[in-house]
file model.txt (compact mmCIF, C-alpha atoms)
# COMPACT_ATOMS: atom_id res chain seq x y z
CA MET A 1 114.40 -53.63 -51.73
CA THR A 2 110.91 -53.37 -53.08
CA ASP A 3 108.53 -50.59 -52.19
CA THR A 4 106.73 -51.36 -48.96
CA PRO A 5 103.41 -49.72 -48.18
CA GLU A 6 103.67 -47.53 -45.10
CA THR A 7 101.31 -49.41 -42.88
CA GLU A 8 102.12 -51.04 -39.57
CA LEU A 9 100.47 -54.31 -40.54
CA LEU A 10 101.09 -56.11 -43.82
CA ASP A 11 99.26 -58.96 -45.50
CA ILE A 12 101.79 -61.08 -47.31
CA PRO A 13 101.47 -64.34 -49.25
CA ASP A 14 100.93 -67.45 -47.16
CA GLY A 15 103.72 -69.99 -47.23
CA ASP A 16 106.13 -72.14 -45.25
CA GLY A 17 109.31 -70.96 -43.57
CA GLU A 18 111.32 -71.14 -46.76
CA ALA A 19 108.75 -69.10 -48.68
CA TRP A 20 108.67 -66.51 -45.87
CA ASN A 21 112.44 -66.14 -45.92
CA GLU A 22 112.51 -65.80 -49.69
CA TYR A 23 109.86 -63.11 -49.43
CA ALA A 24 111.59 -61.25 -46.60
CA LEU A 25 115.00 -61.31 -48.22
CA LYS A 26 113.47 -60.09 -51.47
CA GLN A 27 112.08 -57.09 -49.56
CA GLY A 28 115.60 -56.36 -48.31
CA TRP A 29 114.60 -57.05 -44.70
CA GLY A 30 117.37 -59.41 -43.74
CA ASP A 31 121.07 -59.94 -43.15
CA GLY A 32 121.22 -63.05 -45.31
CA MET A 33 120.43 -65.53 -42.56
CA PRO A 34 116.99 -67.02 -41.84
CA LEU A 35 114.45 -64.80 -40.11
CA ALA A 36 111.58 -65.65 -37.77
CA VAL A 37 108.11 -64.48 -38.83
CA PRO A 38 106.93 -61.29 -37.05
CA THR A 39 103.30 -62.30 -36.73
CA GLU A 40 100.98 -60.07 -34.73
CA ALA A 41 100.84 -62.68 -31.98
CA ALA A 42 104.61 -63.00 -31.75
CA VAL A 43 105.11 -59.23 -31.72
CA GLU A 44 102.45 -58.78 -29.06
CA LYS A 45 104.37 -61.05 -26.65
CA PHE A 46 107.40 -58.76 -27.01
CA VAL A 47 105.42 -55.53 -26.72
CA ALA A 48 103.79 -56.80 -23.52
CA VAL A 49 107.22 -56.95 -21.87
CA CYS A 50 107.78 -53.22 -22.51
CA ARG A 51 104.34 -51.79 -21.87
CA GLY A 52 105.62 -49.35 -19.26
CA ASP A 53 108.37 -47.93 -21.47
CA ASN A 54 106.67 -44.89 -22.94
CA GLN A 55 109.78 -42.80 -23.58
CA PRO A 56 109.67 -41.71 -27.23
CA PHE A 57 112.45 -42.58 -29.66
CA ALA A 58 114.33 -40.09 -31.80
CA PRO A 59 114.15 -40.53 -35.58
CA ILE A 60 116.51 -43.21 -36.82
CA SER A 61 119.12 -42.21 -39.41
CA PRO A 62 119.58 -42.27 -42.27
CA ARG A 63 115.89 -42.68 -43.14
CA GLN A 64 114.87 -40.31 -40.34
CA VAL A 65 111.68 -42.02 -39.27
CA VAL A 66 110.41 -42.53 -35.75
CA PRO A 67 109.87 -46.23 -34.99
CA THR A 68 106.92 -47.69 -33.17
CA LEU A 69 107.28 -50.24 -30.39
CA LYS A 70 105.68 -52.80 -32.68
CA SER A 71 108.06 -52.22 -35.58
CA LEU A 72 111.01 -52.50 -33.19
CA ALA A 73 109.58 -55.66 -31.68
CA ALA A 74 109.05 -57.09 -35.16
CA ASN A 75 112.76 -56.82 -35.81
CA ALA A 76 113.56 -58.48 -32.48
CA VAL A 77 111.22 -61.33 -33.39
CA MET A 78 112.88 -61.67 -36.79
CA ALA A 79 116.33 -61.74 -35.15
CA GLY A 80 115.35 -64.70 -32.97
CA CYS A 81 115.15 -62.88 -29.64
CA LYS A 82 113.14 -64.04 -26.66
CA PRO A 83 110.52 -61.47 -25.55
CA GLU A 84 112.49 -60.67 -22.40
CA TYR A 85 115.45 -59.50 -24.49
CA LEU A 86 113.50 -56.57 -25.92
CA PRO A 87 114.26 -54.08 -23.10
CA VAL A 88 117.97 -54.61 -23.76
CA VAL A 89 117.44 -54.08 -27.49
CA LEU A 90 115.54 -50.86 -26.78
CA ALA A 91 118.28 -49.60 -24.44
CA ALA A 92 120.83 -50.36 -27.15
CA LEU A 93 118.79 -48.39 -29.67
CA ARG A 94 118.50 -45.44 -27.28
CA ALA A 95 122.28 -45.54 -26.83
CA VAL A 96 123.03 -45.34 -30.56
CA LEU A 97 120.41 -42.60 -30.95
CA THR A 98 122.32 -40.41 -28.48
CA PRO A 99 123.41 -37.43 -30.65
CA ASP A 100 127.11 -37.72 -29.76
CA TYR A 101 127.13 -41.32 -30.97
CA ASN A 102 126.75 -39.89 -34.49
CA LEU A 103 124.58 -42.72 -35.83
CA HIS A 104 124.31 -41.26 -39.32
CA GLY A 105 128.06 -40.92 -39.70
CA THR A 106 128.78 -44.37 -38.29
CA LEU A 107 126.27 -46.02 -40.61
CA ALA A 108 127.20 -44.14 -43.77
CA THR A 109 130.97 -44.37 -43.36
CA THR A 110 133.33 -46.49 -45.44
CA HIS A 111 134.93 -47.61 -42.13
CA PRO A 112 134.04 -51.15 -40.94
CA CYS A 113 132.42 -50.14 -37.65
CA ALA A 114 129.44 -51.86 -36.06
CA PRO A 115 127.50 -50.96 -32.92
CA MET A 116 129.38 -52.78 -30.17
CA LEU A 117 127.03 -53.49 -27.27
CA LEU A 118 128.38 -54.07 -23.78
CA VAL A 119 125.84 -55.27 -21.20
CA SER A 120 126.57 -54.69 -17.51
CA GLY A 121 124.61 -55.44 -14.36
CA PRO A 122 122.28 -58.20 -13.19
CA ILE A 123 120.40 -58.63 -16.47
CA ARG A 124 123.50 -60.38 -17.87
CA LYS A 125 122.74 -63.35 -15.65
CA ALA A 126 118.97 -63.14 -15.96
CA LEU A 127 119.19 -63.37 -19.76
CA ASP A 128 122.26 -65.67 -19.89
CA ILE A 129 124.40 -63.14 -21.75
CA ASN A 130 127.84 -64.60 -22.23
CA CYS A 131 130.53 -62.63 -20.38
CA SER A 132 133.18 -65.36 -20.25
CA SER A 133 134.87 -67.74 -22.71
CA ASN A 134 134.14 -66.87 -26.35
CA CYS A 135 132.04 -63.86 -25.32
CA PHE A 136 132.53 -62.20 -28.72
CA GLY A 137 131.75 -65.44 -30.53
CA GLN A 138 128.99 -67.85 -31.32
CA GLY A 139 126.87 -70.09 -29.13
CA TRP A 140 124.78 -67.80 -26.91
CA ARG A 141 121.29 -66.90 -28.03
CA ALA A 142 121.11 -63.63 -26.11
CA ASN A 143 124.44 -62.30 -27.42
CA ALA A 144 123.66 -63.32 -30.98
CA THR A 145 120.07 -62.14 -31.22
CA ILE A 146 120.25 -58.89 -29.23
CA GLY A 147 123.10 -57.70 -31.42
CA ARG A 148 121.32 -58.94 -34.52
CA ALA A 149 118.05 -57.24 -33.54
CA LEU A 150 119.73 -53.84 -33.34
CA GLN A 151 121.34 -54.39 -36.73
CA LEU A 152 117.97 -55.32 -38.27
CA ILE A 153 116.37 -52.21 -36.78
CA LEU A 154 119.08 -50.02 -38.28
CA LEU A 155 118.61 -51.80 -41.61
CA ASN A 156 114.84 -51.93 -41.77
CA VAL A 157 113.63 -48.87 -39.88
CA GLY A 158 116.79 -46.80 -40.29
CA GLY A 159 117.34 -47.73 -43.92
CA ALA A 160 121.08 -48.43 -43.62
CA ARG A 161 121.29 -50.76 -46.61
CA PRO A 162 124.68 -52.16 -47.53
CA GLY A 163 125.98 -50.55 -50.69
CA GLU A 164 123.37 -47.80 -50.48
CA MET A 165 123.28 -45.79 -47.25
CA ASP A 166 125.75 -48.16 -45.57
CA ARG A 167 128.86 -47.36 -47.61
CA ALA A 168 131.37 -49.62 -45.81
CA THR A 169 134.27 -50.59 -48.03
CA HIS A 170 134.50 -54.09 -46.57
CA GLY A 171 132.06 -54.10 -43.68
CA SER A 172 132.76 -56.52 -40.87
CA PRO A 173 131.51 -59.82 -39.44
CA ALA A 174 130.66 -57.68 -36.39
CA LYS A 175 127.81 -56.20 -38.41
CA TYR A 176 125.82 -59.42 -37.98
CA ALA A 177 125.79 -59.16 -34.19
CA TYR A 178 128.13 -57.54 -31.67
CA CYS A 179 126.95 -57.94 -28.10
CA PHE A 180 128.73 -59.26 -25.01
CA GLY A 181 128.60 -58.96 -21.24
CA GLU A 182 131.09 -57.58 -18.76
CA ASN A 183 132.69 -60.28 -16.62
CA GLU A 184 132.02 -58.44 -13.38
CA GLU A 185 132.49 -61.58 -11.30
CA GLU A 186 136.14 -61.97 -12.38
CA SER A 187 137.00 -58.29 -12.52
CA PRO A 188 139.20 -57.00 -9.70
CA TRP A 189 137.91 -53.48 -10.28
CA THR A 190 134.57 -51.71 -9.89
CA PRO A 191 132.12 -52.71 -12.66
CA TYR A 192 132.22 -50.48 -15.71
CA HIS A 193 128.66 -49.20 -15.39
CA VAL A 194 129.17 -48.24 -11.73
CA ARG A 195 132.26 -46.25 -12.71
CA ARG A 196 129.97 -44.39 -15.11
CA GLY A 197 127.60 -43.39 -12.33
CA PHE A 198 124.99 -46.14 -12.36
CA ALA A 199 123.99 -48.20 -9.33
CA THR A 200 125.38 -51.69 -8.88
CA GLY A 201 121.88 -53.10 -9.27
CA ASP A 202 121.21 -51.25 -12.53
CA SER A 203 121.43 -53.07 -15.81
CA VAL A 204 123.09 -50.94 -18.46
CA VAL A 205 123.86 -51.14 -22.16
CA THR A 206 126.91 -49.27 -23.48
CA ALA A 207 127.38 -48.75 -27.20
CA MET A 208 130.34 -47.77 -29.34
CA ALA A 209 130.77 -47.74 -33.10
CA GLY A 210 133.68 -50.13 -33.09
CA GLU A 211 135.74 -52.40 -35.26
CA ALA A 212 135.70 -56.11 -34.55
CA PRO A 213 137.98 -56.98 -31.61
CA HIS A 214 141.74 -56.97 -32.24
CA ASN A 215 143.53 -59.66 -30.26
CA ILE A 216 146.22 -58.73 -27.72
CA ASN A 217 148.26 -61.87 -27.14
CA ASP A 218 150.68 -61.86 -24.21
CA HIS A 219 151.64 -65.25 -22.83
CA GLY A 220 155.14 -64.28 -21.77
CA SER A 221 154.78 -61.23 -19.56
CA THR A 222 154.50 -62.03 -15.88
CA SER A 223 154.19 -58.42 -14.73
CA GLY A 224 151.57 -55.75 -15.14
CA ASP A 225 154.17 -53.47 -16.72
CA GLY A 226 154.95 -56.14 -19.30
CA ILE A 227 151.30 -56.60 -20.20
CA MET A 228 150.81 -52.83 -20.48
CA THR A 229 153.77 -52.67 -22.87
CA THR A 230 152.10 -55.24 -25.12
CA ILE A 231 148.72 -53.52 -24.96
CA GLU A 232 150.04 -50.05 -25.77
CA ASN A 233 152.04 -51.31 -28.75
CA THR A 234 149.06 -53.21 -30.11
CA ILE A 235 147.00 -50.02 -30.00
CA ALA A 236 149.66 -47.78 -31.58
CA GLN A 237 148.74 -48.51 -35.21
CA SER A 238 149.26 -46.07 -38.06
CA GLY A 239 146.21 -47.47 -39.90
CA ALA A 240 143.79 -46.94 -37.02
CA ASN A 241 140.78 -44.76 -37.81
CA THR A 242 141.42 -42.99 -34.53
CA ILE A 243 144.74 -41.63 -35.74
CA TYR A 244 142.84 -40.13 -38.64
CA GLY A 245 139.75 -38.95 -36.78
CA LYS A 246 140.67 -39.35 -33.12
CA GLY A 247 138.17 -40.95 -30.83
CA PRO A 248 137.45 -43.39 -28.04
CA TYR A 249 138.44 -47.03 -27.80
CA VAL A 250 137.71 -50.00 -25.57
CA VAL A 251 140.24 -52.33 -23.98
CA VAL A 252 138.71 -55.65 -22.91
CA LEU A 253 141.07 -57.32 -20.48
CA GLY A 254 140.92 -61.07 -20.14
CA PRO A 255 140.58 -62.11 -16.49
CA GLU A 256 144.13 -63.50 -16.34
CA HIS A 257 145.73 -60.30 -17.63
CA ALA A 258 143.44 -58.34 -15.32
CA GLY A 259 144.55 -60.42 -12.34
CA THR A 260 148.22 -59.77 -13.04
CA LEU A 261 147.66 -56.06 -13.56
CA HIS A 262 145.66 -55.76 -10.34
CA ARG A 263 148.23 -57.75 -8.36
CA ASP A 264 150.88 -55.27 -9.48
CA GLY A 265 148.85 -52.29 -8.37
CA TRP A 266 147.39 -51.08 -11.63
CA THR A 267 144.11 -49.20 -11.33
CA ILE A 268 141.68 -48.26 -14.11
CA GLU A 269 142.92 -44.67 -13.86
CA SER A 270 146.62 -45.55 -13.98
CA MET A 271 146.08 -47.85 -16.95
CA ARG A 272 144.19 -45.16 -18.83
CA ASP A 273 146.91 -42.62 -18.12
CA ARG A 274 149.61 -45.03 -19.25
CA LEU A 275 147.80 -45.87 -22.50
CA PHE A 276 147.07 -42.23 -23.21
CA GLU A 277 150.76 -41.39 -22.89
CA GLN A 278 152.32 -44.48 -24.46
CA ALA A 279 149.85 -45.81 -27.05
CA ARG A 280 150.94 -43.27 -29.64
CA VAL A 281 152.27 -43.56 -33.17
CA HIS A 282 155.67 -42.08 -34.05
CA VAL A 283 155.71 -39.83 -37.12
CA SER A 284 158.22 -42.17 -38.79
CA ARG A 285 155.40 -44.72 -39.09
CA VAL A 286 153.06 -42.29 -40.85
CA SER A 287 153.42 -41.47 -44.54
CA LYS A 288 154.32 -37.94 -45.55
CA GLU A 289 151.05 -37.65 -47.45
CA ASN A 290 149.07 -38.64 -44.38
CA GLN A 291 151.05 -36.26 -42.18
CA GLN A 292 150.05 -33.45 -44.53
CA SER A 293 146.44 -34.62 -44.64
CA TYR A 294 146.20 -34.83 -40.84
CA ALA A 295 147.79 -31.40 -40.46
CA GLU A 296 145.18 -29.91 -42.80
CA ALA A 297 142.50 -31.40 -40.52
CA GLY A 298 144.18 -29.96 -37.44
CA HIS A 299 145.73 -33.22 -36.23
CA VAL A 300 149.33 -32.46 -35.48
CA PRO A 301 151.86 -34.68 -33.69
CA VAL A 302 152.92 -33.96 -30.12
CA ASN A 303 156.60 -34.66 -29.43
CA ASP A 304 156.72 -36.44 -32.79
CA HIS A 305 153.85 -38.77 -31.88
CA TYR A 306 150.19 -38.97 -32.92
CA LYS A 307 147.66 -39.55 -30.19
CA ILE A 308 145.03 -42.28 -30.66
CA ALA A 309 142.58 -41.12 -27.97
CA PRO A 310 141.78 -37.42 -27.38
CA THR A 311 141.93 -37.77 -23.57
CA PRO A 312 142.38 -40.54 -20.96
CA ASP A 313 138.61 -40.42 -20.41
CA ASP A 314 138.14 -41.71 -23.96
CA ILE A 315 139.89 -44.97 -23.03
CA HIS A 316 137.34 -47.48 -21.73
CA ILE A 317 138.74 -50.46 -19.82
CA LEU A 318 136.76 -53.45 -18.56
CA VAL A 319 137.04 -57.18 -18.02
CA ALA A 320 135.37 -59.84 -20.17
CA GLY A 321 136.27 -63.24 -21.53
CA GLY A 322 137.43 -66.50 -19.98
CA PRO A 323 140.69 -68.26 -19.15
CA GLY A 324 143.67 -67.52 -21.39
CA LYS A 325 146.42 -64.96 -21.85
CA HIS A 326 144.51 -62.75 -24.24
CA SER A 327 142.91 -59.33 -24.11
CA ALA A 328 141.29 -57.31 -26.88
CA TRP A 329 141.42 -53.82 -28.31
CA ILE A 330 138.28 -52.41 -29.93
CA PRO A 331 139.04 -49.23 -31.88
CA SER A 332 136.18 -46.89 -32.64
CA PHE A 333 135.08 -45.15 -35.83
CA GLY A 334 136.61 -41.95 -34.48
CA GLY A 335 133.93 -39.27 -34.58
CA THR A 336 131.70 -40.95 -32.02
CA ALA A 337 130.99 -41.27 -28.31
CA VAL A 338 130.40 -44.19 -25.91
CA PRO A 339 126.95 -43.68 -24.37
CA SER A 340 125.54 -45.88 -21.61
CA VAL A 341 121.79 -46.31 -21.13
CA ARG A 342 119.99 -48.02 -18.26
CA VAL A 343 117.72 -50.89 -19.26
CA ALA A 344 114.15 -49.94 -18.40
CA GLY A 345 112.91 -52.20 -15.61
CA GLY A 346 116.32 -53.85 -15.44
CA MET B 1 99.54 -64.15 -43.59
CA ARG B 2 99.47 -60.93 -41.58
CA ILE B 3 102.72 -59.60 -40.12
CA VAL B 4 103.97 -56.47 -38.40
CA ASN B 5 105.89 -54.34 -40.89
CA PRO B 6 109.56 -54.31 -39.75
CA THR B 7 110.23 -51.11 -41.71
CA PHE B 8 107.34 -49.12 -40.31
CA GLY B 9 108.04 -45.69 -38.91
CA VAL B 10 106.55 -42.24 -38.80
CA SER B 11 108.23 -39.47 -40.74
CA ALA B 12 110.01 -37.00 -38.51
CA ALA B 13 108.78 -33.42 -38.52
CA GLY B 14 110.30 -31.48 -41.40
CA GLY B 15 110.86 -34.58 -43.47
CA GLU B 16 108.10 -33.81 -45.92
CA ALA B 17 108.75 -34.46 -49.60
CA VAL B 18 109.47 -31.48 -51.85
CA ALA B 19 108.88 -31.16 -55.56
CA VAL B 20 112.13 -31.49 -57.48
CA LYS B 21 112.47 -29.07 -60.36
CA PRO B 22 114.54 -29.94 -63.43
CA VAL B 23 118.09 -28.60 -63.53
CA ASP B 24 119.65 -27.11 -66.64
CA TRP B 25 123.23 -28.27 -66.14
CA ARG B 26 124.44 -25.90 -68.89
CA THR B 27 123.38 -22.68 -67.16
CA ASP B 28 122.01 -23.14 -63.65
CA ALA B 29 123.99 -22.36 -60.51
CA VAL B 30 125.54 -25.57 -59.21
CA ALA B 31 127.21 -26.49 -55.93
CA MET B 32 130.17 -28.87 -55.80
CA PHE B 33 129.57 -30.46 -52.41
CA SER B 34 132.56 -32.08 -50.72
CA ASN B 35 132.34 -34.65 -47.92
CA SER B 36 135.70 -33.31 -46.68
CA LYS B 37 137.56 -36.56 -47.32
CA PRO B 38 141.14 -36.26 -48.63
CA ASN B 39 141.21 -35.52 -52.38
CA ALA B 40 137.51 -34.64 -52.58
CA ARG B 41 138.34 -31.05 -53.46
CA GLU B 42 140.75 -32.16 -56.20
CA LEU B 43 138.10 -34.48 -57.64
CA LEU B 44 135.48 -31.74 -57.71
CA GLU B 45 137.91 -29.24 -59.21
CA GLY B 46 138.56 -31.70 -62.02
CA ILE B 47 134.84 -32.05 -62.69
CA ARG B 48 134.40 -28.28 -62.63
CA ALA B 49 137.21 -27.93 -65.18
CA ARG B 50 135.58 -30.52 -67.45
CA LEU B 51 132.23 -28.76 -67.18
CA ALA B 52 133.92 -25.65 -68.59
CA ASP B 53 133.78 -27.42 -71.97
CA ILE B 54 130.00 -27.17 -72.08
CA ARG B 55 129.08 -24.24 -69.86
CA SER B 56 130.15 -21.17 -67.98
CA VAL B 57 131.62 -22.07 -64.60
CA ASP B 58 131.45 -18.74 -62.83
CA ASN B 59 128.29 -19.91 -61.07
CA ILE B 60 129.74 -23.24 -59.93
CA GLU B 61 130.86 -22.97 -56.32
CA PHE B 62 132.48 -25.27 -53.81
CA VAL B 63 130.74 -26.22 -50.57
CA HIS B 64 132.00 -28.57 -47.86
CA LYS B 65 130.88 -29.92 -44.52
CA ASN B 66 133.14 -29.35 -41.56
CA SER B 67 133.98 -32.95 -40.75
CA ALA B 68 134.33 -36.06 -42.86
CA SER B 69 132.87 -38.16 -40.05
CA GLN B 70 129.79 -36.05 -39.31
CA PRO B 71 126.69 -35.59 -41.47
CA ALA B 72 126.15 -32.26 -43.18
CA PRO B 73 124.21 -29.93 -40.85
CA ALA B 74 120.59 -29.26 -41.81
CA GLU B 75 121.33 -25.53 -42.08
CA LEU B 76 124.03 -26.19 -44.66
CA ILE B 77 121.74 -28.43 -46.71
CA ASP B 78 118.99 -25.78 -46.52
CA ALA B 79 121.43 -23.09 -47.64
CA VAL B 80 122.57 -25.16 -50.62
CA ALA B 81 118.98 -26.00 -51.54
CA GLY B 82 118.07 -22.32 -51.41
CA LYS B 83 120.99 -21.00 -53.45
CA TYR B 84 121.64 -23.63 -56.13
CA LYS B 85 119.51 -25.50 -58.64
CA GLY B 86 121.74 -28.57 -58.53
CA ALA B 87 124.55 -30.10 -56.52
CA LEU B 88 127.24 -32.61 -57.36
CA LEU B 89 128.32 -34.61 -54.32
CA ALA B 90 131.67 -36.19 -53.63
CA ILE B 91 130.81 -39.24 -51.54
CA ALA B 92 132.74 -42.22 -50.15
CA ASP B 93 136.56 -41.94 -50.48

call {"tool": "encode", "arguments": {"input": "model.txt", "output": "C-alpha cells"}}
result
Amino acid sequence: MTDTPETELLDIPDGDGEAWNEYALKQGWGDGMPLAVPTEAAVEKFVAVCRGDNQPFAPISPRQVVPTLKSLAANAVMAGCKPEYLPVVLAALRAVLTPDYNLHGTLATTHPCAPMLLVSGPIRKALDINCSSNCFGQGWRANATIGRALQLILLNVGGARPGEMDRATHGSPAKYAYCFGENEEESPWTPYHVRRGFATGDSVVTAMAGEAPHNINDHGSTSGDGIMTTIENTIAQSGANTIYGKGPYVVVLGPEHAGTLHRDGWTIESMRDRLFEQARVHVSRVSKENQQSYAEAGHVPVNDHYKIAPTPDDIHILVAGGPGKHSAWIPSFGGTAVPSVRVAGG
Amino acid sequence: MRIVNPTFGVSAAGGEAVAVKPVDWRTDAVAMFSNSKPNARELLEGIRARLADIRSVDNIEFVHKNSASQPAPAELIDAVAGKYKGALLAIAD
C-alpha cells in the first residue's frame, strides 16, 4: 500500500476502467478483483439511502479509526453494491464492531475465519438475497457484493491487510464474500431472528467469525435421529478451533433435512441440547501434547470428552439452502460472539 | 478524476502518535511479550538466553496477554510502554 493523504476526497489520475483498477490495486484498496469507481456522484446515491442513520460507528480495528458514511459508501460502491444494499452493509459492520465479536482478534488471527453474514427478515426478498439453492455460492449480486463490501471496509478503513495485520495462515475463499439469507419460507421452525427477540417484520443481520461451510452429507438416514447422528459426528473434530478456544458455531440445515427432523419431533432446543451433549471429541482423538496444552489453558475434558461449544446457547441452528440431502456446519474462530443487528429502516 | 477516499477515517481518541525514543538493546529494560500461543514462552526464553551473550538479562522480563484469541488490553500495553524501553513480541504461531 502506498501512503494515502488523509482527506475524504482524492484527486487521482484520469483514466479508463483498467487504469483505475491498476491504480486502486496499487494503493492496496482491493481484493484482487475489479473494483467500481467511487466517484462523488456514485457515493452520494448510496449516502442518500442512509441519511436518517445517524448512529455513530465505533473505531474499526486494527487501524482504530472511525469511518465516515462516505468512506463506508465508497467501499460499497467499489464492491459493486446497489445503493439500497448499504443499510445491510452498515448493519453488518455494526455487528462485527460489537465488542464481544472481538473484531481485532478475528482479523489478526492465523485462523481462516471470515465474517459470515446471515440476513433474516423481509429485506432478503426486497434485495433478492439468495436463501435457497447455492446460497453460499456465486450468482447473486446482493450476496456477493454485500459480503464483499464489508471485507473491503475491514481492509481499507480497518487496515486488515493480508500478510500484515491479517495474519491468516491460509485465509479462506470466504474472505472474498460470505453473505447468505435464511430460508424462512421452507423452515418448519420460527425464524432465527425472531428467536433472538426481533419482530417478524424486522430485517436483521447476524455475524459470526466463521470458517467456510463444512458439508454434512446424509442421503441415507430417513429419521431425525439418524440425521442428528451424522451432524454431531461431523462437528466432533479434533482440529476444530473451537476445541482449542471454545466458541459458538452455526448449523445450517438444508430444507430436506429440516423437514425430516421436524416430522420426527425435533425442536431447535432439543437439537441444540443433543449437539451440546453428543458433538464432543474423545480424548483418544487428541494428541497428548494438545491435551497438555489445553489443560494449561484451562480446557479439560469432561467424561473423557472435549466440548466444542461452551453451552447449548452457543449452537445456532437455522434453515437455508435448496433441495438436496445436505446441511452445513460453520465453526467459529472460538473467542467470538454471534451478534444480531437490525437493519435501519428495514 | 475525483473520488471518495475508501480508507478515510478519523483517528479515535487516544490514538495520537508518540515520539519513539531509541532503544539501547545492550542495557535498556526490555519486555518479552508473549501472545499466549503454545510455545511462545519457550521461543522467548530462547531469545533471552541468546541475548545473555551480549548483555545483562536481569532487566529482561516476560509479559503475556491473558488469551491468545483476544487483543492485549490497553492497560497492559500502557504498563509495558511505561516500564520498558523496548519490547520483543512473539506473534503468529

call {"tool": "atom_distance", "arguments": {"input": "model.txt", "atom1": "CA of Glu61 in chain B", "atom2": "CA of Ala49 in chain B"}}
result
12.0 Å

call {"tool": "residues_around", "arguments": {"input": "model.txt", "residues": "Val194 in chain A", "least_positions_apart": "6", "cutoff": "9 Å", "atoms": "all atoms listed in the file", "output": "list in words"}}
result
Gly121, Thr200 and Asp202 of chain A

call {"tool": "closest_atom_pairs", "arguments": {"input": "model.txt", "of": "chain A", "to": "chain B", "cutoff": "8 Å", "atoms": "only C-alpha atoms", "output": "CSV"}}
result
residue,atom,partner,partner_atom,distance
A:Glu6,CA,B:Phe8,CA,6.2
A:Thr7,CA,B:Phe8,CA,6.6
A:Glu8,CA,B:Asn5,CA,5.2
A:Leu9,CA,B:Val4,CA,4.6
A:Leu10,CA,B:Ile3,CA,5.3
A:Asp11,CA,B:Arg2,CA,4.4
A:Ile12,CA,B:Met1,CA,5.3
A:Pro13,CA,B:Met1,CA,6.0
A:Asp14,CA,B:Met1,CA,5.1
A:Trp29,CA,B:Pro6,CA,7.6
A:Val37,CA,B:Ile3,CA,7.4
A:Pro38,CA,B:Ile3,CA,5.5
A:Thr39,CA,B:Ile3,CA,4.4
A:Glu40,CA,B:Ile3,CA,5.7
A:Val43,CA,B:Val4,CA,7.3
A:Pro59,CA,B:Ala12,CA,6.2
A:Gln64,CA,B:Ala12,CA,6.2
A:Val65,CA,B:Ser11,CA,4.5
A:Val66,CA,B:Val10,CA,4.9
A:Pro67,CA,B:Gly9,CA,4.4
A:Thr68,CA,B:Gly9,CA,6.2
A:Lys70,CA,B:Val4,CA,7.0
A:Ser71,CA,B:Pro6,CA,4.9
A:Leu72,CA,B:Pro6,CA,7.0
A:Ala74,CA,B:Pro6,CA,5.4
A:Asn75,CA,B:Pro6,CA,5.7
A:Asn102,CA,B:Gln70,CA,6.9
A:His104,CA,B:Pro71,CA,6.5
A:Gly105,CA,B:Gln70,CA,5.2
A:Thr106,CA,B:Ser69,CA,7.6
A:Thr109,CA,B:Ser69,CA,7.3
A:Thr110,CA,B:Ala92,CA,6.4
A:Ile153,CA,B:Pro6,CA,7.7
A:Asn156,CA,B:Thr7,CA,4.7
A:Val157,CA,B:Thr7,CA,4.5
A:Gly158,CA,B:Thr7,CA,8.0
A:Arg167,CA,B:Ala92,CA,6.9
A:Gly245,CA,B:Ser69,CA,7.7
A:Ser293,CA,B:Pro38,CA,6.8
A:Gly334,CA,B:Ser69,CA,7.7
A:Gly335,CA,B:Ser69,CA,5.7

call {"tool": "residues_around", "arguments": {"input": "model.txt", "residues": "Ala29 in chain B", "least_positions_apart": "6", "cutoff": "12 Å", "atoms": "only C-alpha atoms", "output": "JSON, numbers by chain"}}
result
{"B": [23, 55, 56, 57, 58, 59, 60, 61, 62, 80, 81, 82, 83, 84, 85, 86, 87, 88]}

call {"tool": "write_last_selection", "arguments": {"input": "model.txt", "atoms": "C-alpha atoms", "output": "compact mmCIF listing (two decimals), in the frame of the given file"}}
result
# COMPACT_ATOMS: atom_id res chain seq x y z
CA VAL B 23 118.09 -28.60 -63.53
CA ARG B 55 129.08 -24.24 -69.86
CA SER B 56 130.15 -21.17 -67.98
CA VAL B 57 131.62 -22.07 -64.60
CA ASP B 58 131.45 -18.74 -62.83
CA ASN B 59 128.29 -19.91 -61.07
CA ILE B 60 129.74 -23.24 -59.93
CA GLU B 61 130.86 -22.97 -56.32
CA PHE B 62 132.48 -25.27 -53.81
CA VAL B 80 122.57 -25.16 -50.62
CA ALA B 81 118.98 -26.00 -51.54
CA GLY B 82 118.07 -22.32 -51.41
CA LYS B 83 120.99 -21.00 -53.45
CA TYR B 84 121.64 -23.63 -56.13
CA LYS B 85 119.51 -25.50 -58.64
CA GLY B 86 121.74 -28.57 -58.53
CA ALA B 87 124.55 -30.10 -56.52
CA LEU B 88 127.24 -32.61 -57.36

call {"tool": "closest_residue", "arguments": {"input": "model.txt", "among": "A:Thr311, A:Thr169, A:Gln151, A:Asn290", "to": "Tyr244 in chain A", "atoms": "only C-alpha atoms"}}
result
A:Asn290

call {"tool": "closest_residue", "arguments": {"input": "model.txt", "among": "B:Asn35, B:Lys21, B:Thr27, B:Leu89", "to": "Leu51 in chain B", "atoms": "all atoms listed in the file"}}
result
B:Thr27

call {"tool": "residues_around", "arguments": {"input": "model.txt", "residues": "Ala212 in chain A", "least_positions_apart": "3", "cutoff": "10 Å", "atoms": "only C-alpha atoms", "output": "PDB file with C-alpha atoms, keeping the file's coordinate frame"}}
result
ATOM      1  CA  PRO A 112     134.040 -51.150 -40.940  1.00  0.00           C
ATOM      2  CA  CYS A 113     132.420 -50.140 -37.650  1.00  0.00           C
ATOM      3  CA  ALA A 114     129.440 -51.860 -36.060  1.00  0.00           C
ATOM      4  CA  PRO A 115     127.500 -50.960 -32.920  1.00  0.00           C
ATOM      5  CA  MET A 116     129.380 -52.780 -30.170  1.00  0.00           C
ATOM      6  CA  PHE A 136     132.530 -62.200 -28.720  1.00  0.00           C
ATOM      7  CA  SER A 172     132.760 -56.520 -40.870  1.00  0.00           C
ATOM      8  CA  PRO A 173     131.510 -59.820 -39.440  1.00  0.00           C
ATOM      9  CA  ALA A 174     130.660 -57.680 -36.390  1.00  0.00           C
ATOM     10  CA  LYS A 175     127.810 -56.200 -38.410  1.00  0.00           C
ATOM     11  CA  TYR A 178     128.130 -57.540 -31.670  1.00  0.00           C
ATOM     12  CA  ALA A 209     130.770 -47.740 -33.100  1.00  0.00           C
ATOM     13  CA  ASN A 215     143.530 -59.660 -30.260  1.00  0.00           C
ATOM     14  CA  ALA A 328     141.290 -57.310 -26.880  1.00  0.00           C
ATOM     15  CA  TRP A 329     141.420 -53.820 -28.310  1.00  0.00           C
ATOM     16  CA  ILE A 330     138.280 -52.410 -29.930  1.00  0.00           C
ATOM     17  CA  PRO A 331     139.040 -49.230 -31.880  1.00  0.00           C
ATOM     18  CA  SER A 332     136.180 -46.890 -32.640  1.00  0.00           C
TER      19      SER A 332
END
